[in-house]
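Pasted below: start35.pdb, PDB, C-alpha atoms and all ligand atoms.
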```pdb
ATOM      1  CA  MET E   1      92.944  97.967 126.777  1.00  0.00           C
ATOM      2  CA  ALA E   2      90.982 100.878 125.311  1.00  0.00           C
ATOM      3  CA  SER E   3      88.686 100.215 122.357  1.00  0.00           C
ATOM      4  CA  VAL E   4      91.137 102.122 120.140  1.00  0.00           C
ATOM      5  CA  THR E   5      94.844 101.753 120.911  1.00  0.00           C
ATOM      6  CA  LEU E   6      97.821 102.979 118.913  1.00  0.00           C
ATOM      7  CA  LEU E   7     101.184 101.224 119.196  1.00  0.00           C
ATOM      8  CA  THR E   8     103.473 104.102 118.491  1.00  0.00           C
ATOM      9  CA  VAL E   9     106.905 105.719 118.606  1.00  0.00           C
ATOM     10  CA  TRP E  10     106.689 109.495 118.871  1.00  0.00           C
ATOM     11  CA  ALA E  11     109.539 110.198 116.415  1.00  0.00           C
ATOM     12  CA  SER E  12     108.169 107.943 113.669  1.00  0.00           C
ATOM     13  CA  PRO E  13     106.607 109.803 110.721  1.00  0.00           C
ATOM     14  CA  PHE E  14     104.414 106.749 110.165  1.00  0.00           C
ATOM     15  CA  SER E  15     103.097 106.868 113.735  1.00  0.00           C
ATOM     16  CA  MET E  16     102.449 110.595 113.356  1.00  0.00           C
ATOM     17  CA  ARG E  17     100.095 109.919 110.437  1.00  0.00           C
ATOM     18  CA  ALA E  18      97.950 107.505 112.425  1.00  0.00           C
ATOM     19  CA  LYS E  19      97.881 109.799 115.446  1.00  0.00           C
ATOM     20  CA  LEU E  20      96.935 112.811 113.307  1.00  0.00           C
ATOM     21  CA  ALA E  21      94.059 110.947 111.626  1.00  0.00           C
ATOM     22  CA  LEU E  22      92.688 109.906 115.025  1.00  0.00           C
ATOM     23  CA  LEU E  23      92.902 113.474 116.336  1.00  0.00           C
ATOM     24  CA  LEU E  24      91.381 115.033 113.206  1.00  0.00           C
ATOM     25  CA  LYS E  25      88.392 112.771 113.624  1.00  0.00           C
ATOM     26  CA  GLY E  26      88.201 113.250 117.380  1.00  0.00           C
ATOM     27  CA  ILE E  27      88.459 109.518 118.077  1.00  0.00           C
ATOM     28  CA  GLU E  28      89.112 108.699 121.689  1.00  0.00           C
ATOM     29  CA  HIS E  29      92.174 106.467 121.902  1.00  0.00           C
ATOM     30  CA  GLU E  30      95.101 105.379 123.993  1.00  0.00           C
ATOM     31  CA  ASP E  31      98.761 105.556 122.886  1.00  0.00           C
ATOM     32  CA  LEU E  32     101.014 102.657 123.815  1.00  0.00           C
ATOM     33  CA  PRO E  33     104.596 103.863 123.173  1.00  0.00           C
ATOM     34  CA  GLN E  34     106.867 101.057 121.979  1.00  0.00           C
ATOM     35  CA  ASP E  35     110.575 100.336 122.443  1.00  0.00           C
ATOM     36  CA  LEU E  36     111.806  99.160 119.039  1.00  0.00           C
ATOM     37  CA  GLY E  37     115.058  97.937 120.620  1.00  0.00           C
ATOM     38  CA  ASN E  38     113.060  95.545 122.761  1.00  0.00           C
ATOM     39  CA  LYS E  39     109.815  94.818 120.933  1.00  0.00           C
ATOM     40  CA  SER E  40     106.833  94.006 123.112  1.00  0.00           C
ATOM     41  CA  LYS E  41     104.879  90.763 122.888  1.00  0.00           C
ATOM     42  CA  LEU E  42     101.864  92.888 121.935  1.00  0.00           C
ATOM     43  CA  LEU E  43     103.702  94.454 118.964  1.00  0.00           C
ATOM     44  CA  LEU E  44     105.109  91.111 117.775  1.00  0.00           C
ATOM     45  CA  GLU E  45     101.693  89.484 118.018  1.00  0.00           C
ATOM     46  CA  SER E  46      99.882  92.447 116.450  1.00  0.00           C
ATOM     47  CA  ASN E  47     102.205  92.855 113.459  1.00  0.00           C
ATOM     48  CA  PRO E  48     103.890  89.457 113.100  1.00  0.00           C
ATOM     49  CA  VAL E  49     104.776  90.051 109.442  1.00  0.00           C
ATOM     50  CA  HIS E  50     106.688  93.356 109.617  1.00  0.00           C
ATOM     51  CA  LYS E  51     107.034  93.743 113.428  1.00  0.00           C
ATOM     52  CA  LYS E  52     106.810  97.522 112.922  1.00  0.00           C
ATOM     53  CA  ILE E  53     104.885 100.409 114.393  1.00  0.00           C
ATOM     54  CA  PRO E  54     102.388 101.946 113.975  1.00  0.00           C
ATOM     55  CA  VAL E  55      99.690  99.397 114.725  1.00  0.00           C
ATOM     56  CA  LEU E  56      96.115 100.449 115.408  1.00  0.00           C
ATOM     57  CA  ILE E  57      94.216  98.001 117.576  1.00  0.00           C
ATOM     58  CA  HIS E  58      90.465  98.503 117.270  1.00  0.00           C
ATOM     59  CA  LYS E  59      88.200  96.308 119.412  1.00  0.00           C
ATOM     60  CA  GLY E  60      91.095  93.853 119.782  1.00  0.00           C
ATOM     61  CA  LYS E  61      91.847  93.627 116.044  1.00  0.00           C
ATOM     62  CA  PRO E  62      95.220  94.942 114.804  1.00  0.00           C
ATOM     63  CA  VAL E  63      95.643  97.009 111.631  1.00  0.00           C
ATOM     64  CA  SER E  64      99.186  97.696 110.398  1.00  0.00           C
ATOM     65  CA  GLU E  65     100.893 100.046 107.921  1.00  0.00           C
ATOM     66  CA  SER E  66     100.260 103.772 108.260  1.00  0.00           C
ATOM     67  CA  VAL E  67      98.512 104.207 104.893  1.00  0.00           C
ATOM     68  CA  ILE E  68      96.208 101.266 105.570  1.00  0.00           C
ATOM     69  CA  ILE E  69      95.552 102.520 109.112  1.00  0.00           C
ATOM     70  CA  VAL E  70      94.493 105.978 107.878  1.00  0.00           C
ATOM     71  CA  HIS E  71      92.268 104.381 105.218  1.00  0.00           C
ATOM     72  CA  TYR E  72      90.748 102.179 107.931  1.00  0.00           C
ATOM     73  CA  ILE E  73      90.125 105.147 110.237  1.00  0.00           C
ATOM     74  CA  ASP E  74      88.455 107.054 107.392  1.00  0.00           C
ATOM     75  CA  GLU E  75      86.216 104.096 106.560  1.00  0.00           C
ATOM     76  CA  VAL E  76      85.226 103.172 110.106  1.00  0.00           C
ATOM     77  CA  TRP E  77      84.546 106.760 111.216  1.00  0.00           C
ATOM     78  CA  PRO E  78      83.258 108.358 107.971  1.00  0.00           C
ATOM     79  CA  GLU E  79      80.971 110.886 109.613  1.00  0.00           C
ATOM     80  CA  THR E  80      83.556 113.313 111.010  1.00  0.00           C
ATOM     81  CA  SER E  81      86.170 115.063 108.833  1.00  0.00           C
ATOM     82  CA  PRO E  82      86.148 112.675 105.839  1.00  0.00           C
ATOM     83  CA  LEU E  83      89.733 112.483 104.610  1.00  0.00           C
ATOM     84  CA  LEU E  84      89.397 110.983 101.138  1.00  0.00           C
ATOM     85  CA  PRO E  85      87.367 112.907  98.537  1.00  0.00           C
ATOM     86  CA  GLN E  86      84.016 111.581  97.294  1.00  0.00           C
ATOM     87  CA  ASP E  87      85.127 111.579  93.673  1.00  0.00           C
ATOM     88  CA  ALA E  88      86.774 108.290  92.602  1.00  0.00           C
ATOM     89  CA  PHE E  89      89.277 110.020  90.297  1.00  0.00           C
ATOM     90  CA  LEU E  90      90.395 112.364  93.080  1.00  0.00           C
ATOM     91  CA  ARG E  91      90.649 109.399  95.465  1.00  0.00           C
ATOM     92  CA  ALA E  92      92.938 107.735  92.923  1.00  0.00           C
ATOM     93  CA  LYS E  93      95.051 110.906  92.856  1.00  0.00           C
ATOM     94  CA  HIS E  94      95.344 110.909  96.647  1.00  0.00           C
ATOM     95  CA  ARG E  95      96.487 107.269  96.530  1.00  0.00           C
ATOM     96  CA  PHE E  96      98.928 107.961  93.683  1.00  0.00           C
ATOM     97  CA  TRP E  97     100.624 110.846  95.506  1.00  0.00           C
ATOM     98  CA  THR E  98     100.631 108.929  98.783  1.00  0.00           C
ATOM     99  CA  ASP E  99     102.584 106.213  97.012  1.00  0.00           C
ATOM    100  CA  PHE E 100     104.894 108.897  95.596  1.00  0.00           C
ATOM    101  CA  ILE E 101     105.517 110.331  99.067  1.00  0.00           C
ATOM    102  CA  ASP E 102     106.440 106.901 100.423  1.00  0.00           C
ATOM    103  CA  LYS E 103     108.508 105.785  97.440  1.00  0.00           C
ATOM    104  CA  LYS E 104     110.190 109.020  96.401  1.00  0.00           C
ATOM    105  CA  ILE E 105     110.065 111.694  99.115  1.00  0.00           C
ATOM    106  CA  PHE E 106     110.737 109.303 102.003  1.00  0.00           C
ATOM    107  CA  ASP E 107     113.322 107.289 100.105  1.00  0.00           C
ATOM    108  CA  SER E 108     115.340 110.297  98.946  1.00  0.00           C
ATOM    109  CA  LEU E 109     115.263 111.760 102.464  1.00  0.00           C
ATOM    110  CA  ALA E 110     116.280 108.429 104.034  1.00  0.00           C
ATOM    111  CA  GLN E 111     119.085 108.018 101.473  1.00  0.00           C
ATOM    112  CA  PHE E 112     120.311 111.514 102.297  1.00  0.00           C
ATOM    113  CA  MET E 113     120.354 110.643 106.001  1.00  0.00           C
ATOM    114  CA  ARG E 114     122.347 107.466 105.320  1.00  0.00           C
ATOM    115  CA  SER E 115     124.732 108.951 102.754  1.00  0.00           C
ATOM    116  CA  SER E 116     128.426 108.968 103.587  1.00  0.00           C
ATOM    117  CA  ASP E 117     129.434 111.480 100.875  1.00  0.00           C
ATOM    118  CA  GLY E 118     127.439 114.493 102.110  1.00  0.00           C
ATOM    119  CA  GLY E 119     124.445 113.485  99.987  1.00  0.00           C
ATOM    120  CA  ALA E 120     124.563 116.296  97.364  1.00  0.00           C
ATOM    121  CA  ALA E 121     123.185 114.131  94.532  1.00  0.00           C
ATOM    122  CA  VAL E 122     120.381 112.627  96.557  1.00  0.00           C
ATOM    123  CA  ASN E 123     119.621 116.072  98.025  1.00  0.00           C
ATOM    124  CA  GLU E 124     119.025 117.328  94.481  1.00  0.00           C
ATOM    125  CA  GLU E 125     116.780 114.337  93.813  1.00  0.00           C
ATOM    126  CA  PHE E 126     114.853 115.157  96.998  1.00  0.00           C
ATOM    127  CA  ILE E 127     114.307 118.761  95.803  1.00  0.00           C
ATOM    128  CA  GLN E 128     113.122 117.523  92.394  1.00  0.00           C
ATOM    129  CA  ASN E 129     110.648 115.200  94.142  1.00  0.00           C
ATOM    130  CA  CYS E 130     109.335 118.106  96.252  1.00  0.00           C
ATOM    131  CA  MET E 131     108.841 120.102  93.049  1.00  0.00           C
ATOM    132  CA  LEU E 132     106.781 117.268  91.571  1.00  0.00           C
ATOM    133  CA  LEU E 133     104.631 117.352  94.693  1.00  0.00           C
ATOM    134  CA  GLU E 134     104.310 121.117  94.297  1.00  0.00           C
ATOM    135  CA  GLY E 135     102.889 120.424  90.826  1.00  0.00           C
ATOM    136  CA  ALA E 136     100.358 118.036  92.355  1.00  0.00           C
ATOM    137  CA  LEU E 137      99.206 120.747  94.778  1.00  0.00           C
ATOM    138  CA  ALA E 138      98.565 123.092  91.867  1.00  0.00           C
ATOM    139  CA  GLU E 139      96.843 120.351  89.868  1.00  0.00           C
ATOM    140  CA  LEU E 140      94.532 119.219  92.654  1.00  0.00           C
ATOM    141  CA  GLY E 141      93.253 122.559  93.888  1.00  0.00           C
ATOM    142  CA  SER E 142      93.443 126.306  93.722  1.00  0.00           C
ATOM    143  CA  GLU E 143      95.375 128.231  96.339  1.00  0.00           C
ATOM    144  CA  GLU E 144      92.236 130.300  96.984  1.00  0.00           C
ATOM    145  CA  ASP E 145      90.484 127.206  98.374  1.00  0.00           C
ATOM    146  CA  GLY E 146      93.034 126.939 101.176  1.00  0.00           C
ATOM    147  CA  PRO E 147      96.571 125.777 101.912  1.00  0.00           C
ATOM    148  CA  PHE E 148      95.955 122.018 102.010  1.00  0.00           C
ATOM    149  CA  PHE E 149      95.436 119.352  99.370  1.00  0.00           C
ATOM    150  CA  GLY E 150      91.981 119.267 100.929  1.00  0.00           C
ATOM    151  CA  GLY E 151      91.554 123.052 100.528  1.00  0.00           C
ATOM    152  CA  ALA E 152      90.704 124.676 103.866  1.00  0.00           C
ATOM    153  CA  SER E 153      90.798 121.382 105.793  1.00  0.00           C
ATOM    154  CA  MET E 154      93.281 118.552 105.990  1.00  0.00           C
ATOM    155  CA  SER E 155      92.636 115.597 103.691  1.00  0.00           C
ATOM    156  CA  PHE E 156      94.156 112.134 103.339  1.00  0.00           C
ATOM    157  CA  LEU E 157      97.152 113.431 101.413  1.00  0.00           C
ATOM    158  CA  ASP E 158      97.742 116.179 103.963  1.00  0.00           C
ATOM    159  CA  VAL E 159      97.845 113.564 106.719  1.00  0.00           C
ATOM    160  CA  MET E 160     100.366 111.569 104.680  1.00  0.00           C
ATOM    161  CA  LEU E 161     102.550 114.625 104.173  1.00  0.00           C
ATOM    162  CA  ALA E 162     102.190 116.402 107.539  1.00  0.00           C
ATOM    163  CA  PRO E 163     105.085 114.582 109.303  1.00  0.00           C
ATOM    164  CA  TYR E 164     107.472 116.047 106.720  1.00  0.00           C
ATOM    165  CA  SER E 165     106.690 119.510 108.068  1.00  0.00           C
ATOM    166  CA  VAL E 166     108.834 118.619 111.089  1.00  0.00           C
ATOM    167  CA  LEU E 167     111.071 115.959 109.564  1.00  0.00           C
ATOM    168  CA  ILE E 168     112.468 118.171 106.782  1.00  0.00           C
ATOM    169  CA  PRO E 169     113.521 121.086 109.057  1.00  0.00           C
ATOM    170  CA  GLY E 170     114.876 118.537 111.553  1.00  0.00           C
ATOM    171  CA  VAL E 171     117.107 116.904 108.925  1.00  0.00           C
ATOM    172  CA  GLU E 172     117.998 120.333 107.524  1.00  0.00           C
ATOM    173  CA  GLN E 173     119.115 121.716 110.860  1.00  0.00           C
ATOM    174  CA  VAL E 174     120.959 118.626 112.118  1.00  0.00           C
ATOM    175  CA  MET E 175     122.328 117.070 108.939  1.00  0.00           C
ATOM    176  CA  GLY E 176     122.530 119.956 106.474  1.00  0.00           C
ATOM    177  CA  LEU E 177     119.775 118.902 104.072  1.00  0.00           C
ATOM    178  CA  LYS E 178     119.017 121.661 101.575  1.00  0.00           C
ATOM    179  CA  PRO E 179     115.208 121.765 101.293  1.00  0.00           C
ATOM    180  CA  ALA E 180     113.326 123.104  98.284  1.00  0.00           C
ATOM    181  CA  SER E 181     113.152 126.901  98.566  1.00  0.00           C
ATOM    182  CA  PRO E 182     109.895 128.887  98.892  1.00  0.00           C
ATOM    183  CA  GLU E 183     110.511 130.042  95.300  1.00  0.00           C
ATOM    184  CA  GLN E 184     110.741 126.446  94.072  1.00  0.00           C
ATOM    185  CA  CYS E 185     107.813 125.175  96.154  1.00  0.00           C
ATOM    186  CA  PRO E 186     105.593 128.077  97.326  1.00  0.00           C
ATOM    187  CA  ARG E 187     102.443 125.997  97.892  1.00  0.00           C
ATOM    188  CA  LEU E 188     104.341 123.286  99.771  1.00  0.00           C
ATOM    189  CA  HIS E 189     105.855 125.916 102.076  1.00  0.00           C
ATOM    190  CA  LYS E 190     102.384 127.356 102.746  1.00  0.00           C
ATOM    191  CA  LEU E 191     101.012 123.880 103.372  1.00  0.00           C
ATOM    192  CA  PHE E 192     103.735 123.140 105.938  1.00  0.00           C
ATOM    193  CA  GLY E 193     103.102 126.544 107.538  1.00  0.00           C
ATOM    194  CA  ALA E 194      99.393 125.709 107.836  1.00  0.00           C
ATOM    195  CA  VAL E 195     100.218 122.272 109.307  1.00  0.00           C
ATOM    196  CA  ALA E 196     102.326 124.004 111.981  1.00  0.00           C
ATOM    197  CA  GLU E 197      99.273 126.092 112.965  1.00  0.00           C
ATOM    198  CA  HIS E 198      96.700 123.295 112.867  1.00  0.00           C
ATOM    199  CA  PRO E 199      95.542 122.234 116.371  1.00  0.00           C
ATOM    200  CA  SER E 200      95.381 118.484 115.597  1.00  0.00           C
ATOM    201  CA  ALA E 201      98.742 118.549 113.847  1.00  0.00           C
ATOM    202  CA  LYS E 202     100.257 120.489 116.741  1.00  0.00           C
ATOM    203  CA  ALA E 203      99.126 117.704 119.066  1.00  0.00           C
ATOM    204  CA  ALA E 204     100.158 114.838 116.771  1.00  0.00           C
ATOM    205  CA  LEU E 205     103.582 116.052 115.654  1.00  0.00           C
ATOM    206  CA  PRO E 206     106.610 116.547 117.890  1.00  0.00           C
ATOM    207  CA  GLN E 207     108.303 119.899 118.378  1.00  0.00           C
ATOM    208  CA  ILE E 208     111.122 120.357 115.847  1.00  0.00           C
ATOM    209  CA  GLU E 209     113.639 120.937 118.667  1.00  0.00           C
ATOM    210  CA  LYS E 210     112.761 117.593 120.264  1.00  0.00           C
ATOM    211  CA  LEU E 211     112.923 115.808 116.911  1.00  0.00           C
ATOM    212  CA  LYS E 212     116.305 117.395 116.238  1.00  0.00           C
ATOM    213  CA  GLU E 213     117.678 115.804 119.420  1.00  0.00           C
ATOM    214  CA  PHE E 214     116.395 112.430 118.227  1.00  0.00           C
ATOM    215  CA  ILE E 215     117.937 112.860 114.767  1.00  0.00           C
ATOM    216  CA  GLN E 216     121.207 114.002 116.323  1.00  0.00           C
ATOM    217  CA  ALA E 217     121.315 110.960 118.597  1.00  0.00           C
ATOM    218  CA  HIS E 218     120.329 108.378 115.983  1.00  0.00           C
ATOM    219  CA  PHE E 219     121.379 109.611 112.548  1.00  0.00           C
ATOM    220  CA  ALA E 220     123.881 112.481 112.697  1.00  0.00           C
ATOM    221  CA  ARG E 221     127.076 111.724 110.806  1.00  0.00           C
ATOM    222  CA  LYS E 222     129.942 111.195 113.211  1.00  0.00           C
TER     223      LYS E 222
HETATM  224  N1  LIG E 301     105.484 101.172 105.749  1.00  0.00           N
HETATM  225  C1  LIG E 301     105.343 101.250 107.179  1.00  0.00           C
HETATM  226  C2  LIG E 301     106.660 101.706 107.766  1.00  0.00           C
HETATM  227  C3  LIG E 301     106.654 101.634 109.287  1.00  0.00           C
HETATM  228  C4  LIG E 301     108.075 101.714 109.833  1.00  0.00           C
HETATM  229  O1  LIG E 301     109.066 101.728 109.071  1.00  0.00           O
HETATM  230  N2  LIG E 301     108.172 101.753 111.163  1.00  0.00           N
HETATM  231  C5  LIG E 301     109.472 101.747 111.774  1.00  0.00           C
HETATM  232  C6  LIG E 301     109.637 102.946 112.698  1.00  0.00           C
HETATM  233  S1  LIG E 301     109.657 104.458 111.785  1.00  0.00           S
HETATM  234  C7  LIG E 301     109.621 100.485 112.638  1.00  0.00           C
HETATM  235  O2  LIG E 301     108.708 100.070 113.304  1.00  0.00           O
HETATM  236  N3  LIG E 301     110.809  99.886 112.622  1.00  0.00           N
HETATM  237  C8  LIG E 301     111.102  98.736 113.409  1.00  0.00           C
HETATM  238  C9  LIG E 301     111.916  97.723 112.659  1.00  0.00           C
HETATM  239  O3  LIG E 301     112.223  97.945 111.469  1.00  0.00           O
HETATM  240  O4  LIG E 301     112.274  96.710 113.255  1.00  0.00           O
HETATM  241  C10 LIG E 301     104.193 102.192 107.521  1.00  0.00           C
HETATM  242  O5  LIG E 301     103.831 103.031 106.683  1.00  0.00           O
HETATM  243  O6  LIG E 301     103.617 102.050 108.613  1.00  0.00           O
END
```
Take the structure in the file and give it back as structure tokens.
Amino acid sequence: MASVTLLTVWASPFSMRAKLALLLKGIEHEDLPQDLGNKSKLLLESNPVHKKIPVLIHKGKPVSESVIIVHYIDEVWPETSPLLPQDAFLRAKHRFWTDFIDKKIFDSLAQFMRSSDGGAAVNEEFIQNCMLLEGALAELGSEEDGPFFGGASMSFLDVMLAPYSVLIPGVEQVMGLKPASPEQCPRLHKLFGAVAEHPSAKAALPQIEKLKEFIQAHFARK
């Protein structure tokens, strides 16, 4: 096994985060794609509590949970592309909005995907959550500094959010999600546009067309 190995599923937004952090930092690693319908001994032994991907195995030691994995990567390889800001208050902000993304953005999107009534109410909630995130972008940095939370370069929060740049259009195009408009969330639209152009993100995130096939096969309402 390589010194750095990622147990992964390509369509998982959580896997995408770990992969993107590794690529941003230029860390040599091996991907071990997992079948969640038939979990490997390695996955079960590496993440015995949740039995979920992603898991990062570094020098034989497993680290689970995407947020914890990206923190770990940033701490172990601090010299290239630091992801979290130096300032403790700004670090707290990155952690706060990461928690918001996982608790509010992900949950409202997942609820929309599971809804049996067309999901209009939860779609509205999703848009409101995106608008709160838009406010965070304005609060944490000026547009002149660059499109990302990290200004010109991707930061921790950008890594957390990047998978949504493919997930949202995928769910929009397959399941009819109404995303926040460019008028409602101009900075968020620019951020997603910049993610689509970023070389590491291009390598870490799937093509929207491929993701759409996955969403169609696994989530589309019959
Ligand atoms: N909070 C976890 C979520 C990871 C997660 O939900 N992984 C899913 C795939 S997207 C999984 O492994 N599911 C397998 C299962 O639930 O049995 C993280 O951030 O890493």
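Of note, atom O1 of ligand LIG 301 (chain E) and atom CA of E:Leu43 are spaced 13.4 Å apart.
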Can you pull out the residues contacting stretch 145-152 of chain E? Cut-off 7 Å, using all atoms listed in the file, and skip same-chain residues under 6 positions away; I want them as JSON, numbers by chain.
{"E": [137, 158, 190, 191, 194]}
Considering only C-alpha atoms, state which residue in the set E:His189, E:Lys210, E:Arg95, E:His198 is at the smallest distance from E:Met154.
E:His198
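With a cut-off of 6 Å and using all atoms listed in the file, the polymer residues contacting ligand LIG 301 (chain E) are Ser12, Phe14, Leu36, Lys52, Ile53, Pro54, Glu65, Ser66 and Val67 of chain E.
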Kindly indicate which residue among E:Ser165, E:Thr5, E:Thr98, E:Gln184 lies nearest to E:Leu32, using all atoms listed in the file for the distances.
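Residue with the minimum atom-to-atom distance to E:Leu32: E:Thr5.
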Mind giving me the straight-line distance from atom CA of E:Asn47 to atom CA of E:Gly60 in Å, one decimal?
12.8 Å
Exactly which residues make up the result of the PyMOL selection byres (((chain E and resi 211-216) around 8) and not hetatm) on this file, given as a count of residues only?
16
Could you jot down the atom CA of E:Phe192 to atom CA of E:Met160 separation for me, Å, one decimal place?
12.1 Å
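Residue selection for this entry, given the PyMOL selection byres (((chain E and resi 205) around 8) and not hetatm), comprises Trp10, Met16, Leu20, Pro163, Val166, Ala201, Lys202, Ala203, Ala204, Pro206 and Gln207 of chain E.
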Using the chain letters and residue numbers of this document, give as a list in words the residues selected by the PyMOL selection byres (((chain E and resi 139) around 12) and not hetatm).
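The output of the PyMOL selection byres (((chain E and resi 139) around 12) and not hetatm) on this file is Leu90, Lys93, His94, Trp97, Leu132, Leu133, Glu134, Gly135, Ala136, Leu137, Ala138, Leu140, Gly141, Ser142, Glu143, Phe149 and Arg187 of chain E.
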Within 10 Å of E:Ile101 using only C-alpha atoms, minus same-chain residues under 6 positions, as a list in words
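In the requested format, the answer is Arg95, Asp107, Ser108, Asn129, Cys130, Leu133, Leu157, Met160, Leu161 and Tyr164 of chain E.
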Please, which residues are within 10 Å of (124.3, 109.4, 107.6) by the file's coordinates, counting only C-alpha atoms, and could they come as a ChimeraX atom specification?
/E:110-119,175,218-222
